[in-house]
file input17.cif (mmCIF, C-alpha atoms)
data_protein
#
loop_
_atom_site.label_atom_id
_atom_site.label_comp_id
_atom_site.auth_asym_id
_atom_site.auth_seq_id
_atom_site.Cartn_x
_atom_site.Cartn_y
_atom_site.Cartn_z
CA MET X 121 -51.26 -24.05 1.38
CA ASP X 122 -48.42 -25.26 -0.80
CA VAL X 123 -48.71 -27.64 -3.75
CA ILE X 124 -48.33 -30.80 -1.65
CA ASP X 125 -50.99 -29.60 0.83
CA ARG X 126 -53.31 -28.86 -2.05
CA LEU X 127 -52.74 -32.22 -3.79
CA VAL X 128 -53.10 -34.24 -0.57
CA GLY X 129 -55.97 -32.12 0.75
CA ILE X 130 -54.24 -31.06 4.00
CA ALA X 131 -56.39 -28.56 5.87
CA PRO X 132 -54.74 -26.01 8.16
CA GLY X 133 -54.88 -27.30 11.73
CA SER X 134 -55.29 -30.94 10.68
CA ALA X 135 -53.15 -33.77 12.09
CA LEU X 136 -51.14 -34.00 8.89
CA ASP X 137 -50.63 -30.22 8.85
CA ALA X 138 -49.04 -30.58 12.30
CA ILE X 139 -46.86 -33.47 11.12
CA ARG X 140 -45.62 -31.50 8.12
CA ALA X 141 -44.85 -28.58 10.45
CA ARG X 142 -42.37 -30.82 12.33
CA ARG X 143 -40.23 -30.99 9.17
CA PRO X 144 -40.47 -27.30 8.25
CA GLU X 145 -37.42 -27.11 5.99
CA ALA X 146 -38.57 -30.13 3.99
CA ARG X 147 -41.97 -28.51 3.62
CA THR X 148 -40.54 -25.14 2.55
CA HIS X 149 -38.02 -26.60 0.15
CA ALA X 150 -40.29 -29.19 -1.47
CA GLN X 151 -42.32 -26.13 -2.45
CA ALA X 152 -39.16 -24.19 -3.41
CA SER X 153 -38.23 -27.16 -5.64
CA TYR X 154 -41.59 -26.94 -7.36
CA VAL X 155 -41.10 -23.21 -7.90
CA ALA X 156 -37.52 -23.64 -9.16
CA LEU X 157 -38.55 -26.32 -11.63
CA PHE X 158 -41.95 -25.10 -12.80
CA THR X 159 -42.19 -21.34 -12.25
CA PRO X 160 -38.57 -20.14 -12.20
CA PRO X 161 -37.99 -16.38 -12.55
CA GLU X 162 -36.29 -17.12 -15.88
CA ALA X 163 -37.14 -20.17 -17.99
CA GLY X 164 -33.52 -20.46 -19.09
CA GLU X 165 -32.77 -23.59 -21.11
CA VAL X 166 -36.16 -25.27 -20.71
CA SER X 167 -39.40 -23.55 -21.67
CA ALA X 168 -42.42 -23.48 -19.36
CA THR X 169 -44.35 -25.59 -21.85
CA GLU X 170 -41.58 -28.21 -21.91
CA ARG X 171 -41.46 -28.29 -18.10
CA PHE X 172 -45.20 -28.86 -17.71
CA ALA X 173 -45.46 -31.25 -20.66
CA ALA X 174 -42.74 -33.35 -19.02
CA ALA X 175 -44.68 -33.26 -15.76
CA VAL X 176 -47.97 -34.38 -17.32
CA PHE X 177 -46.14 -37.27 -18.97
CA VAL X 178 -44.18 -38.29 -15.84
CA VAL X 179 -47.14 -38.07 -13.46
CA GLY X 180 -49.30 -39.84 -16.04
CA LEU X 181 -46.81 -42.72 -16.11
CA HIS X 182 -47.25 -42.96 -12.34
CA ALA X 183 -51.04 -43.18 -12.88
CA GLU X 184 -51.58 -40.49 -10.24
CA ALA X 185 -54.73 -38.90 -11.64
CA ALA X 186 -55.26 -35.98 -9.26
CA THR X 187 -51.64 -34.84 -9.48
CA ALA X 188 -51.72 -35.28 -13.26
CA ALA X 189 -54.77 -33.01 -13.44
CA PHE X 190 -52.85 -30.31 -11.53
CA TYR X 191 -49.99 -30.38 -14.03
CA ARG X 192 -52.39 -30.56 -16.99
CA GLU X 193 -53.86 -27.25 -15.81
CA GLY X 194 -50.34 -25.90 -15.54
CA LEU X 195 -49.54 -27.04 -19.08
CA ALA X 196 -52.66 -25.38 -20.47
CA ALA X 197 -51.74 -22.19 -18.60
CA THR X 198 -48.40 -22.01 -20.43
CA GLY X 199 -50.34 -21.47 -23.62
CA ALA X 200 -49.94 -25.01 -24.94
CA GLY X 201 -52.57 -25.70 -27.57
CA PRO X 202 -55.04 -28.57 -27.65
CA ALA X 203 -52.90 -30.48 -30.16
CA LEU X 204 -49.97 -30.64 -27.72
CA LEU X 205 -52.22 -31.47 -24.76
CA ALA X 206 -53.71 -34.35 -26.75
CA ALA X 207 -50.29 -35.55 -27.88
CA VAL X 208 -49.03 -35.70 -24.30
CA GLU X 209 -52.08 -37.73 -23.27
CA ARG X 210 -51.54 -40.10 -26.21
CA ALA X 211 -47.93 -40.51 -25.13
CA VAL X 212 -49.00 -41.42 -21.58
CA ALA X 213 -51.47 -44.00 -22.86
CA ALA X 214 -48.85 -45.53 -25.15
CA ALA X 215 -45.99 -45.57 -22.63
CA VAL X 216 -47.61 -46.43 -19.28
CA GLY X 217 -46.21 -49.52 -17.57
CA GLN X 218 -44.85 -51.01 -14.35
CA GLY X 219 -41.49 -50.44 -12.72
CA PRO X 220 -38.79 -50.50 -11.63
CA PHE X 221 -37.30 -53.01 -14.06
CA GLY X 222 -33.92 -53.09 -15.75
CA ARG X 223 -30.50 -54.70 -15.98
CA TYR X 224 -27.46 -54.64 -13.72
CA PRO X 225 -23.79 -54.71 -14.78
CA ALA X 226 -22.96 -58.33 -15.69
CA GLY X 227 -22.17 -60.29 -12.54
CA PRO X 228 -23.90 -61.68 -9.47
CA LEU X 229 -26.81 -59.26 -9.80
CA SER X 230 -27.62 -60.46 -13.31
CA VAL X 231 -30.06 -63.00 -11.80
CA GLU X 232 -32.15 -59.99 -10.77
CA ASP X 233 -32.29 -58.54 -14.29
CA SER X 234 -35.86 -57.97 -15.38
CA THR X 235 -36.86 -57.18 -18.87
CA GLY X 236 -39.13 -54.52 -20.16
CA SER X 237 -39.06 -52.29 -23.15
CA ALA X 238 -37.67 -48.88 -23.72
CA TRP X 239 -40.25 -46.58 -25.23
CA GLN X 240 -40.03 -44.08 -28.07
CA ALA X 241 -42.69 -41.90 -29.57
CA ASP X 242 -43.87 -43.16 -32.96
CA ALA X 243 -43.60 -40.94 -36.03
CA ALA X 244 -47.01 -39.30 -35.62
CA LEU X 245 -46.35 -38.54 -31.97
CA ARG X 246 -42.86 -37.22 -32.77
CA ASP X 247 -44.42 -34.80 -35.23
CA ALA X 248 -46.91 -33.61 -32.63
CA LEU X 249 -44.39 -33.29 -29.80
CA GLY X 250 -41.47 -31.92 -31.79
CA THR X 251 -37.89 -33.17 -31.72
CA ARG X 252 -36.92 -31.91 -28.27
CA LEU X 253 -39.97 -33.15 -26.40
CA ALA X 254 -40.04 -36.50 -28.22
CA ALA X 255 -36.44 -37.13 -27.18
CA ALA X 256 -37.20 -35.94 -23.65
CA PHE X 257 -40.18 -38.28 -23.31
CA ALA X 258 -38.10 -41.34 -24.26
CA HIS X 259 -35.64 -40.35 -21.52
CA LEU X 260 -38.38 -39.64 -18.99
CA HIS X 261 -40.00 -43.03 -19.60
CA MET X 262 -36.67 -44.69 -18.81
CA LEU X 263 -36.19 -42.60 -15.68
CA VAL X 264 -39.68 -43.33 -14.37
CA LEU X 265 -39.83 -47.06 -15.09
CA HIS X 266 -36.31 -48.44 -15.56
CA PRO X 267 -33.73 -45.97 -14.28
CA ARG X 268 -31.04 -48.60 -13.77
CA ASP X 269 -30.87 -49.03 -17.56
CA ALA X 270 -29.44 -45.52 -17.93
CA GLU X 271 -26.40 -45.18 -20.21
CA PRO X 272 -24.39 -42.25 -21.60
CA ALA X 273 -26.04 -42.86 -24.99
CA HIS X 274 -29.36 -41.70 -23.51
CA LEU X 275 -27.83 -38.32 -22.70
CA GLN X 276 -26.20 -38.14 -26.12
CA ALA X 277 -29.66 -38.62 -27.66
CA LEU X 278 -30.87 -35.58 -25.71
CA LEU X 279 -27.85 -33.51 -26.75
CA ASP X 280 -28.45 -34.52 -30.37
CA ALA X 281 -32.08 -33.41 -30.08
CA GLY X 282 -31.04 -29.92 -29.02
CA TRP X 283 -30.87 -30.21 -25.23
CA SER X 284 -27.87 -28.52 -23.58
CA THR X 285 -26.04 -30.05 -20.63
CA THR X 286 -27.70 -27.54 -18.31
CA GLY X 287 -31.08 -28.32 -19.87
CA ILE X 288 -30.46 -32.02 -19.22
CA VAL X 289 -29.77 -31.27 -15.54
CA THR X 290 -33.03 -29.35 -15.27
CA LEU X 291 -35.01 -32.07 -17.09
CA SER X 292 -33.46 -34.72 -14.83
CA GLN X 293 -34.38 -32.71 -11.75
CA ILE X 294 -37.95 -32.33 -13.03
CA VAL X 295 -38.58 -36.06 -13.42
CA SER X 296 -36.70 -36.95 -10.24
CA PHE X 297 -38.48 -34.31 -8.16
CA LEU X 298 -41.82 -35.51 -9.50
CA ALA X 299 -40.93 -39.11 -8.55
CA PHE X 300 -40.58 -37.69 -5.00
CA GLN X 301 -43.62 -35.45 -5.06
CA VAL X 302 -46.12 -38.05 -6.29
CA ARG X 303 -44.92 -40.45 -3.56
CA VAL X 304 -45.17 -37.87 -0.78
CA VAL X 305 -48.67 -36.97 -1.97
CA SER X 306 -49.78 -40.59 -2.29
CA GLY X 307 -48.17 -41.63 0.99
CA PHE X 308 -49.57 -38.72 3.00
CA ARG X 309 -53.01 -39.23 1.51
CA THR X 310 -52.93 -42.88 2.59
CA LEU X 311 -51.61 -41.96 6.04
CA ALA X 312 -54.38 -39.42 6.57
CA ALA X 313 -57.07 -41.86 5.42
CA THR X 314 -55.94 -44.80 7.56
CA ALA X 315 -57.62 -44.87 10.94
CA MET F 132 -22.86 -27.92 -32.79
CA ALA F 133 -24.27 -30.32 -30.22
CA GLU F 134 -22.30 -31.06 -27.07
CA THR F 135 -21.08 -34.60 -26.50
CA VAL F 136 -21.13 -36.86 -23.48
CA LEU F 137 -18.01 -37.54 -21.49
CA THR F 138 -16.11 -40.80 -21.70
CA PRO F 139 -15.27 -41.80 -18.12
CA PRO F 140 -11.67 -42.89 -17.52
CA ALA F 141 -10.95 -46.62 -17.12
CA HIS F 142 -12.41 -47.70 -13.80
CA GLY F 143 -13.61 -50.67 -11.79
CA VAL F 144 -17.36 -51.30 -12.14
CA PRO F 145 -19.11 -52.40 -8.94
CA VAL F 146 -21.21 -55.45 -9.84
CA ALA F 147 -22.79 -56.06 -6.43
CA PHE F 148 -24.36 -53.96 -3.69
CA THR F 149 -21.71 -53.01 -1.17
CA ARG F 150 -21.07 -50.84 1.89
CA ASP F 151 -17.68 -49.92 0.45
CA GLN F 152 -16.90 -46.32 -0.44
CA LEU F 153 -17.50 -45.81 -4.18
CA ASP F 154 -16.65 -43.00 -6.57
CA TRP F 155 -19.08 -41.50 -9.06
CA LEU F 156 -18.14 -40.45 -12.60
CA PRO F 157 -20.27 -37.96 -14.54
CA TRP F 158 -21.48 -38.59 -18.10
CA VAL F 159 -21.90 -34.89 -18.90
CA GLU F 160 -19.66 -31.99 -17.95
CA PRO F 161 -19.96 -30.57 -14.41
CA LEU F 162 -19.12 -26.91 -13.88
CA ALA F 163 -15.40 -26.45 -13.27
CA GLU F 164 -14.52 -25.53 -9.72
CA ALA F 165 -12.97 -22.31 -11.02
CA GLU F 166 -16.19 -21.19 -12.68
CA LEU F 167 -18.42 -21.56 -9.60
CA THR F 168 -20.01 -18.22 -8.75
CA GLU F 169 -21.28 -17.14 -5.34
CA ARG F 170 -24.72 -18.33 -6.39
CA HIS F 171 -23.38 -21.80 -7.25
CA ARG F 172 -21.44 -22.03 -4.00
CA ALA F 173 -24.49 -21.01 -1.99
CA ALA F 174 -26.50 -23.72 -3.76
CA LEU F 175 -23.92 -26.34 -2.80
CA ILE F 176 -24.61 -25.46 0.87
CA ASP F 177 -21.59 -27.46 2.13
CA ALA F 178 -18.39 -25.84 0.81
CA ALA F 179 -16.72 -29.26 0.52
CA ARG F 180 -19.22 -30.21 -2.19
CA ALA F 181 -17.30 -27.97 -4.62
CA LYS F 182 -14.96 -30.98 -4.91
CA SER F 183 -17.80 -33.31 -5.94
CA PRO F 184 -18.46 -33.71 -9.70
CA TYR F 185 -22.03 -34.79 -8.89
CA PHE F 186 -22.84 -31.58 -7.02
CA ARG F 187 -20.96 -29.40 -9.51
CA LEU F 188 -23.06 -30.95 -12.26
CA LEU F 189 -26.31 -30.31 -10.39
CA ALA F 190 -25.08 -26.74 -9.69
CA ARG F 191 -25.91 -25.99 -13.34
CA ASP F 192 -29.44 -25.44 -11.99
CA PRO F 193 -28.56 -23.84 -8.65
CA ASP F 194 -32.08 -23.08 -7.44
CA ALA F 195 -33.17 -26.68 -8.00
CA LEU F 196 -30.02 -28.00 -6.33
CA GLU F 197 -30.35 -25.80 -3.27
CA ALA F 198 -34.00 -26.67 -2.70
CA ARG F 199 -33.26 -30.39 -3.25
CA THR F 200 -30.46 -30.35 -0.69
CA ARG F 201 -32.40 -28.46 1.98
CA THR F 202 -35.30 -30.91 1.54
CA ASP F 203 -32.89 -33.84 1.88
CA LYS F 204 -31.20 -32.52 5.01
CA ASP F 205 -34.44 -31.92 6.91
CA ILE F 206 -35.90 -35.33 6.03
CA PHE F 207 -32.78 -37.18 7.17
CA TYR F 208 -31.12 -34.98 9.81
CA ASN F 209 -33.97 -33.20 11.63
CA THR F 210 -33.65 -34.59 15.15
CA ASP F 211 -37.09 -33.51 16.37
CA ALA F 212 -38.64 -36.91 17.25
CA GLY F 213 -40.09 -39.16 14.53
CA LEU F 214 -38.12 -42.04 13.05
CA PRO F 215 -34.61 -42.68 14.47
CA ARG F 216 -31.82 -41.67 12.10
CA ALA F 217 -30.74 -45.29 11.53
CA GLU F 218 -34.21 -46.17 10.23
CA ARG F 219 -34.49 -43.11 7.99
CA GLU F 220 -31.25 -44.36 6.43
CA LEU F 221 -32.75 -47.86 6.23
CA ALA F 222 -35.64 -46.45 4.17
CA ALA F 223 -33.09 -44.75 1.90
CA ALA F 224 -31.01 -47.92 1.53
CA ALA F 225 -34.05 -50.13 0.88
CA THR F 226 -35.38 -47.73 -1.75
CA SER F 227 -31.97 -47.63 -3.43
CA ARG F 228 -31.69 -51.43 -3.32
CA PHE F 229 -35.13 -51.76 -4.92
CA ASN F 230 -34.52 -49.17 -7.64
CA GLY F 231 -31.05 -50.58 -8.31
CA CYS F 232 -28.84 -47.61 -7.37
CA ILE F 233 -25.61 -49.28 -6.26
CA TYR F 234 -23.97 -45.94 -5.43
CA CYS F 235 -26.84 -44.56 -3.28
CA ALA F 236 -27.30 -47.92 -1.54
CA SER F 237 -23.60 -47.99 -0.60
CA VAL F 238 -23.76 -44.59 1.12
CA HIS F 239 -26.99 -45.13 2.99
CA ALA F 240 -26.28 -48.75 3.94
CA ARG F 241 -23.08 -47.45 5.55
CA PHE F 242 -25.03 -44.77 7.44
CA SER F 243 -27.73 -47.22 8.51
CA ALA F 244 -25.14 -49.73 9.73
CA THR F 245 -23.25 -47.02 11.61
CA TYR F 246 -26.27 -45.60 13.39
CA SER F 247 -28.07 -48.91 14.08
CA LYS F 248 -24.97 -51.03 14.78
CA ARG F 249 -26.87 -53.80 12.94
CA VAL F 250 -24.17 -54.33 10.33
CA GLU F 251 -25.20 -57.89 9.46
CA ASP F 252 -28.85 -57.00 8.93
CA VAL F 253 -27.91 -54.09 6.67
CA GLN F 254 -25.55 -56.32 4.71
CA ARG F 255 -28.34 -58.91 4.35
CA LEU F 256 -30.55 -56.24 2.79
CA LEU F 257 -27.78 -55.55 0.27
CA ASP F 258 -27.00 -59.22 -0.41
CA GLU F 259 -30.47 -60.74 -0.44
CA GLY F 260 -32.50 -57.73 -1.50
CA VAL F 261 -35.67 -56.18 -0.13
CA GLY F 262 -37.16 -59.58 0.77
CA ALA F 263 -34.47 -60.24 3.42
CA ASP F 264 -35.86 -61.01 6.89
CA LEU F 265 -34.57 -58.22 9.15
CA GLY F 266 -37.05 -58.56 12.00
CA GLU F 267 -40.61 -57.22 11.95
CA ARG F 268 -39.94 -53.53 12.56
CA TRP F 269 -37.30 -53.27 9.85
CA ASN F 270 -39.29 -55.55 7.55
CA ALA F 271 -42.26 -53.17 7.87
CA ILE F 272 -40.09 -50.15 7.03
CA VAL F 273 -38.53 -51.91 4.03
CA ALA F 274 -41.91 -53.13 2.75
CA ALA F 275 -43.40 -49.65 3.04
CA SER F 276 -40.42 -48.10 1.22
CA VAL F 277 -40.67 -50.67 -1.57
CA ALA F 278 -44.43 -50.26 -2.00
CA LEU F 279 -44.04 -46.50 -2.19
CA SER F 280 -41.23 -46.85 -4.74
CA ALA F 281 -43.11 -49.17 -7.09
CA THR F 282 -44.68 -47.64 -10.19
CA PRO F 283 -47.63 -47.50 -10.00
CA ILE F 284 -47.37 -46.83 -6.26
CA SER F 285 -48.67 -49.78 -4.22
CA PHE F 286 -48.40 -48.24 -0.74
CA GLY F 287 -51.73 -48.65 1.03
CA PRO F 288 -53.53 -48.71 4.40
CA ALA F 289 -52.07 -52.13 5.25
CA HIS F 290 -48.55 -50.64 5.16
CA VAL F 291 -49.57 -47.85 7.53
CA GLN F 292 -51.22 -50.32 9.91
CA ARG F 293 -48.19 -52.60 9.88
CA LEU F 294 -45.88 -49.67 10.68
CA ARG F 295 -48.15 -48.61 13.55
CA GLN F 296 -48.17 -52.17 14.91
CA ALA F 297 -44.36 -52.13 14.72
CA GLY F 298 -44.40 -49.13 17.07
CA LEU F 299 -44.12 -46.16 14.70
CA ASP F 300 -46.22 -43.08 15.43
CA ASP F 301 -47.57 -40.99 12.58
CA LEU F 302 -44.60 -38.61 12.54
CA ALA F 303 -42.27 -41.60 12.21
CA ILE F 304 -44.45 -43.02 9.42
CA ALA F 305 -44.30 -39.63 7.67
CA ASP F 306 -40.51 -39.87 7.95
CA VAL F 307 -40.60 -43.29 6.24
CA ILE F 308 -42.76 -41.81 3.48
CA GLN F 309 -40.55 -38.76 2.95
CA GLY F 310 -37.32 -40.77 3.25
CA ALA F 311 -38.37 -43.36 0.68
CA ALA F 312 -39.90 -40.69 -1.57
CA PHE F 313 -36.72 -38.62 -1.44
CA PHE F 314 -34.61 -41.54 -2.58
CA ASN F 315 -36.81 -41.95 -5.60
CA TRP F 316 -35.54 -38.48 -6.44
CA ALA F 317 -31.87 -39.09 -5.54
CA ASN F 318 -31.65 -42.53 -7.18
CA ARG F 319 -32.80 -41.20 -10.53
CA LEU F 320 -30.23 -38.41 -10.62
CA MET F 321 -27.36 -40.67 -9.56
CA LEU F 322 -28.32 -43.48 -11.96
CA SER F 323 -28.84 -41.34 -15.03
CA LEU F 324 -26.18 -38.60 -14.96
CA GLY F 325 -23.14 -40.80 -14.34
CA GLU F 326 -21.98 -44.12 -12.97
CA PRO F 327 -20.38 -45.63 -9.86
CA ALA F 328 -16.76 -46.74 -9.80
CA THR F 329 -14.82 -48.76 -7.29
CA ALA F 330 -12.62 -46.40 -5.29
CA GLY F 331 -8.88 -46.27 -5.79
#
call {"tool": "encode", "arguments": {"input": "input17.cif", "output": "structure tokens"}}
result
Amino acid sequence: MDVIDRLVGIAPGSALDAIRARRPEARTHAQASYVALFTPPEAGEVSATERFAAAVFVVGLHAEAATAAFYREGLAATGAGPALLAAVERAVAAAVGQGPFGRYPAGPLSVEDSTGSAWQADAALRDALGTRLAAAFAHLHMLVLHPRDAEPAHLQALLDAGWSTTGIVTLSQIVSFLAFQVRVVSGFRTLAATA
Amino acid sequence: MAETVLTPPAHGVPVAFTRDQLDWLPWVEPLAEAELTERHRAALIDAARAKSPYFRLLARDPDALEARTRTDKDIFYNTDAGLPRAERELAAAATSRFNGCIYCASVHARFSATYSKRVEDVQRLLDEGVGADLGERWNAIVAASVALSATPISFGPAHVQRLRQAGLDDLAIADVIQGAAFFNWANRLMLSLGEPATAG
């Protein structure tokens, strides 16, 4: 069983197991994506704790409790202490919202602009998360809830907080992959439960 | 010394959803073509992608890029039954329209129009948005893609039942789910690492 099977609750031999088997490369490489982003052979530019802390925050913003619990276990297993675990949960509670909202380039689509707020960790949370993670969380909130508001300045803020360009690519893949994974898990769970 | 973001050259900014071919300009530095190793080239999968700044930027994390691309290709190109190609592309276009990715919507609206031959319906999705009336089967696919793309996710049993009533079997519904889910991945990368430009 891979991570998606485990999170959906897909038993070997079940109808959904057979459906996933019809898209074997997608099944194999959704798992390979998880491995590449969360348990890579070398952590490289992004530590294991940063990867899982980002995941707990991103999945928490999606309000997907079972998947969040999976990544919370993963975060604890990286050796993150209770202070960081609590800080990530406080960040989720403070930042959770509804999406997608955001603005378009000025023009005919401006009538579809919808407002919402960017989110930043407050001073206490910044202290608990540290500079790199606090900057990452502001970016992740934008990518989860209002990705069309993205601007170069958001990436500059990450660079200024100590993220490298390669680290930014990995962080962007983490949040974007999770936006996929939580939807596959939720969608498959609903499909399996609908007679 | 911290790195700095790139300043894209002067370019036309697309201000509406379109089926036109667009360019994409990165906000941070892709790998140079000359510095691509065998590992990077393998991760690109298609050799022609060495010309693409988007894929050369993602090649900075080659394992993640390769797994992303192989997931993508199976969800959209696997021809073993399930949802017809045109409607997998419809799910991708609808998701991109809803999330606001003008670049991704342009590519997948083109594909959906090509494979379905329903150019006017696809254009209506772009012009009017995800509430456009495209006939019940397409409406059901668009509604399911949108519900799955909302945060928090609002996809529920009623979406599955509506898709079944529209004639989709469970493999086809799984293709809608994976197609829409995948574009929640792709849209976020395209929207946040660079910007679209009108071609030419």
call {"tool": "atom_distance", "arguments": {"input": "input17.cif", "atom1": "atom CA of X:Gln151", "atom2": "atom CA of X:Phe297"}}
result
10.7 Å
call {"tool": "resolve_selection", "arguments": {"input": "input17.cif", "expression": "the PyMOL selection byres ((chain X) within 7 of (chain F))", "output": "PDB file with C-alpha atoms, keeping the file's coordinate frame"}}
result
ATOM      1  CA  ILE X 139     -46.860 -33.470  11.120  1.00  0.00           C
ATOM      2  CA  ARG X 143     -40.230 -30.990   9.170  1.00  0.00           C
ATOM      3  CA  GLU X 145     -37.420 -27.110   5.990  1.00  0.00           C
ATOM      4  CA  ALA X 146     -38.570 -30.130   3.990  1.00  0.00           C
ATOM      5  CA  HIS X 149     -38.020 -26.600   0.150  1.00  0.00           C
ATOM      6  CA  ALA X 150     -40.290 -29.190  -1.470  1.00  0.00           C
ATOM      7  CA  ALA X 152     -39.160 -24.190  -3.410  1.00  0.00           C
ATOM      8  CA  SER X 153     -38.230 -27.160  -5.640  1.00  0.00           C
ATOM      9  CA  ALA X 156     -37.520 -23.640  -9.160  1.00  0.00           C
ATOM     10  CA  LEU X 157     -38.550 -26.320 -11.630  1.00  0.00           C
ATOM     11  CA  HIS X 182     -47.250 -42.960 -12.340  1.00  0.00           C
ATOM     12  CA  ALA X 183     -51.040 -43.180 -12.880  1.00  0.00           C
ATOM     13  CA  GLN X 218     -44.850 -51.010 -14.350  1.00  0.00           C
ATOM     14  CA  GLY X 219     -41.490 -50.440 -12.720  1.00  0.00           C
ATOM     15  CA  PRO X 220     -38.790 -50.500 -11.630  1.00  0.00           C
ATOM     16  CA  PRO X 225     -23.790 -54.710 -14.780  1.00  0.00           C
ATOM     17  CA  ALA X 226     -22.960 -58.330 -15.690  1.00  0.00           C
ATOM     18  CA  GLY X 227     -22.170 -60.290 -12.540  1.00  0.00           C
ATOM     19  CA  PRO X 228     -23.900 -61.680  -9.470  1.00  0.00           C
ATOM     20  CA  LEU X 229     -26.810 -59.260  -9.800  1.00  0.00           C
ATOM     21  CA  LEU X 263     -36.190 -42.600 -15.680  1.00  0.00           C
ATOM     22  CA  LEU X 265     -39.830 -47.060 -15.090  1.00  0.00           C
ATOM     23  CA  PRO X 267     -33.730 -45.970 -14.280  1.00  0.00           C
ATOM     24  CA  ARG X 268     -31.040 -48.600 -13.770  1.00  0.00           C
ATOM     25  CA  ALA X 270     -29.440 -45.520 -17.930  1.00  0.00           C
ATOM     26  CA  GLU X 271     -26.400 -45.180 -20.210  1.00  0.00           C
ATOM     27  CA  PRO X 272     -24.390 -42.250 -21.600  1.00  0.00           C
ATOM     28  CA  LEU X 275     -27.830 -38.320 -22.700  1.00  0.00           C
ATOM     29  CA  GLN X 276     -26.200 -38.140 -26.120  1.00  0.00           C
ATOM     30  CA  LEU X 279     -27.850 -33.510 -26.750  1.00  0.00           C
ATOM     31  CA  ASP X 280     -28.450 -34.520 -30.370  1.00  0.00           C
ATOM     32  CA  GLY X 282     -31.040 -29.920 -29.020  1.00  0.00           C
ATOM     33  CA  THR X 285     -26.040 -30.050 -20.630  1.00  0.00           C
ATOM     34  CA  THR X 286     -27.700 -27.540 -18.310  1.00  0.00           C
ATOM     35  CA  VAL X 289     -29.770 -31.270 -15.540  1.00  0.00           C
ATOM     36  CA  THR X 290     -33.030 -29.350 -15.270  1.00  0.00           C
ATOM     37  CA  SER X 292     -33.460 -34.720 -14.830  1.00  0.00           C
ATOM     38  CA  SER X 296     -36.700 -36.950 -10.240  1.00  0.00           C
ATOM     39  CA  PHE X 297     -38.480 -34.310  -8.160  1.00  0.00           C
ATOM     40  CA  ALA X 299     -40.930 -39.110  -8.550  1.00  0.00           C
ATOM     41  CA  PHE X 300     -40.580 -37.690  -5.000  1.00  0.00           C
ATOM     42  CA  ARG X 303     -44.920 -40.450  -3.560  1.00  0.00           C
ATOM     43  CA  VAL X 304     -45.170 -37.870  -0.780  1.00  0.00           C
ATOM     44  CA  GLY X 307     -48.170 -41.630   0.990  1.00  0.00           C
ATOM     45  CA  THR X 310     -52.930 -42.880   2.590  1.00  0.00           C
ATOM     46  CA  LEU X 311     -51.610 -41.960   6.040  1.00  0.00           C
ATOM     47  CA  THR X 314     -55.940 -44.800   7.560  1.00  0.00           C
TER      48      THR X 314
END
call {"tool": "closest_residue", "arguments": {"input": "input17.cif", "among": "X:Asp269, X:Gly201, X:Ala281, X:Gly236", "to": "X:Arg223", "atoms": "only C-alpha atoms"}}
result
X:Asp269
call {"tool": "atom_distance", "arguments": {"input": "input17.cif", "atom1": "atom CA of F:Thr149", "atom2": "atom CA of F:Leu257"}}
result
6.7 Å
call {"tool": "resolve_selection", "arguments": {"input": "input17.cif", "expression": "the PyMOL selection byres ((chain F and resi 218) around 12)", "output": "ChimeraX atom specification"}}
result
/F:206-208,213-217,219-225,239-240,242-249,253,268-273,276,299,303-304,306-308,310-311
call {"tool": "write_last_selection", "arguments": {"input": "input17.cif", "atoms": "C-alpha atoms", "output": "short mmCIF file (atom, residue, chain, number, x, y, z; two decimals), in the frame of the given file"}}
result
data_model
loop_
_atom_site.label_atom_id
_atom_site.label_comp_id
_atom_site.auth_asym_id
_atom_site.auth_seq_id
_atom_site.Cartn_x
_atom_site.Cartn_y
_atom_site.Cartn_z
CA ILE F 206 -35.90 -35.33 6.03
CA PHE F 207 -32.78 -37.18 7.17
CA TYR F 208 -31.12 -34.98 9.81
CA GLY F 213 -40.09 -39.16 14.53
CA LEU F 214 -38.12 -42.04 13.05
CA PRO F 215 -34.61 -42.68 14.47
CA ARG F 216 -31.82 -41.67 12.10
CA ALA F 217 -30.74 -45.29 11.53
CA ARG F 219 -34.49 -43.11 7.99
CA GLU F 220 -31.25 -44.36 6.43
CA LEU F 221 -32.75 -47.86 6.23
CA ALA F 222 -35.64 -46.45 4.17
CA ALA F 223 -33.09 -44.75 1.90
CA ALA F 224 -31.01 -47.92 1.53
CA ALA F 225 -34.05 -50.13 0.88
CA HIS F 239 -26.99 -45.13 2.99
CA ALA F 240 -26.28 -48.75 3.94
CA PHE F 242 -25.03 -44.77 7.44
CA SER F 243 -27.73 -47.22 8.51
CA ALA F 244 -25.14 -49.73 9.73
CA THR F 245 -23.25 -47.02 11.61
CA TYR F 246 -26.27 -45.60 13.39
CA SER F 247 -28.07 -48.91 14.08
CA LYS F 248 -24.97 -51.03 14.78
CA ARG F 249 -26.87 -53.80 12.94
CA VAL F 253 -27.91 -54.09 6.67
CA ARG F 268 -39.94 -53.53 12.56
CA TRP F 269 -37.30 -53.27 9.85
CA ASN F 270 -39.29 -55.55 7.55
CA ALA F 271 -42.26 -53.17 7.87
CA ILE F 272 -40.09 -50.15 7.03
CA VAL F 273 -38.53 -51.91 4.03
CA SER F 276 -40.42 -48.10 1.22
CA LEU F 299 -44.12 -46.16 14.70
CA ALA F 303 -42.27 -41.60 12.21
CA ILE F 304 -44.45 -43.02 9.42
CA ASP F 306 -40.51 -39.87 7.95
CA VAL F 307 -40.60 -43.29 6.24
CA ILE F 308 -42.76 -41.81 3.48
CA GLY F 310 -37.32 -40.77 3.25
CA ALA F 311 -38.37 -43.36 0.68
#
call {"tool": "atom_distance", "arguments": {"input": "input17.cif", "atom1": "atom CA of F:Glu259", "atom2": "atom CA of X:Val264"}}
result
24.1 Å
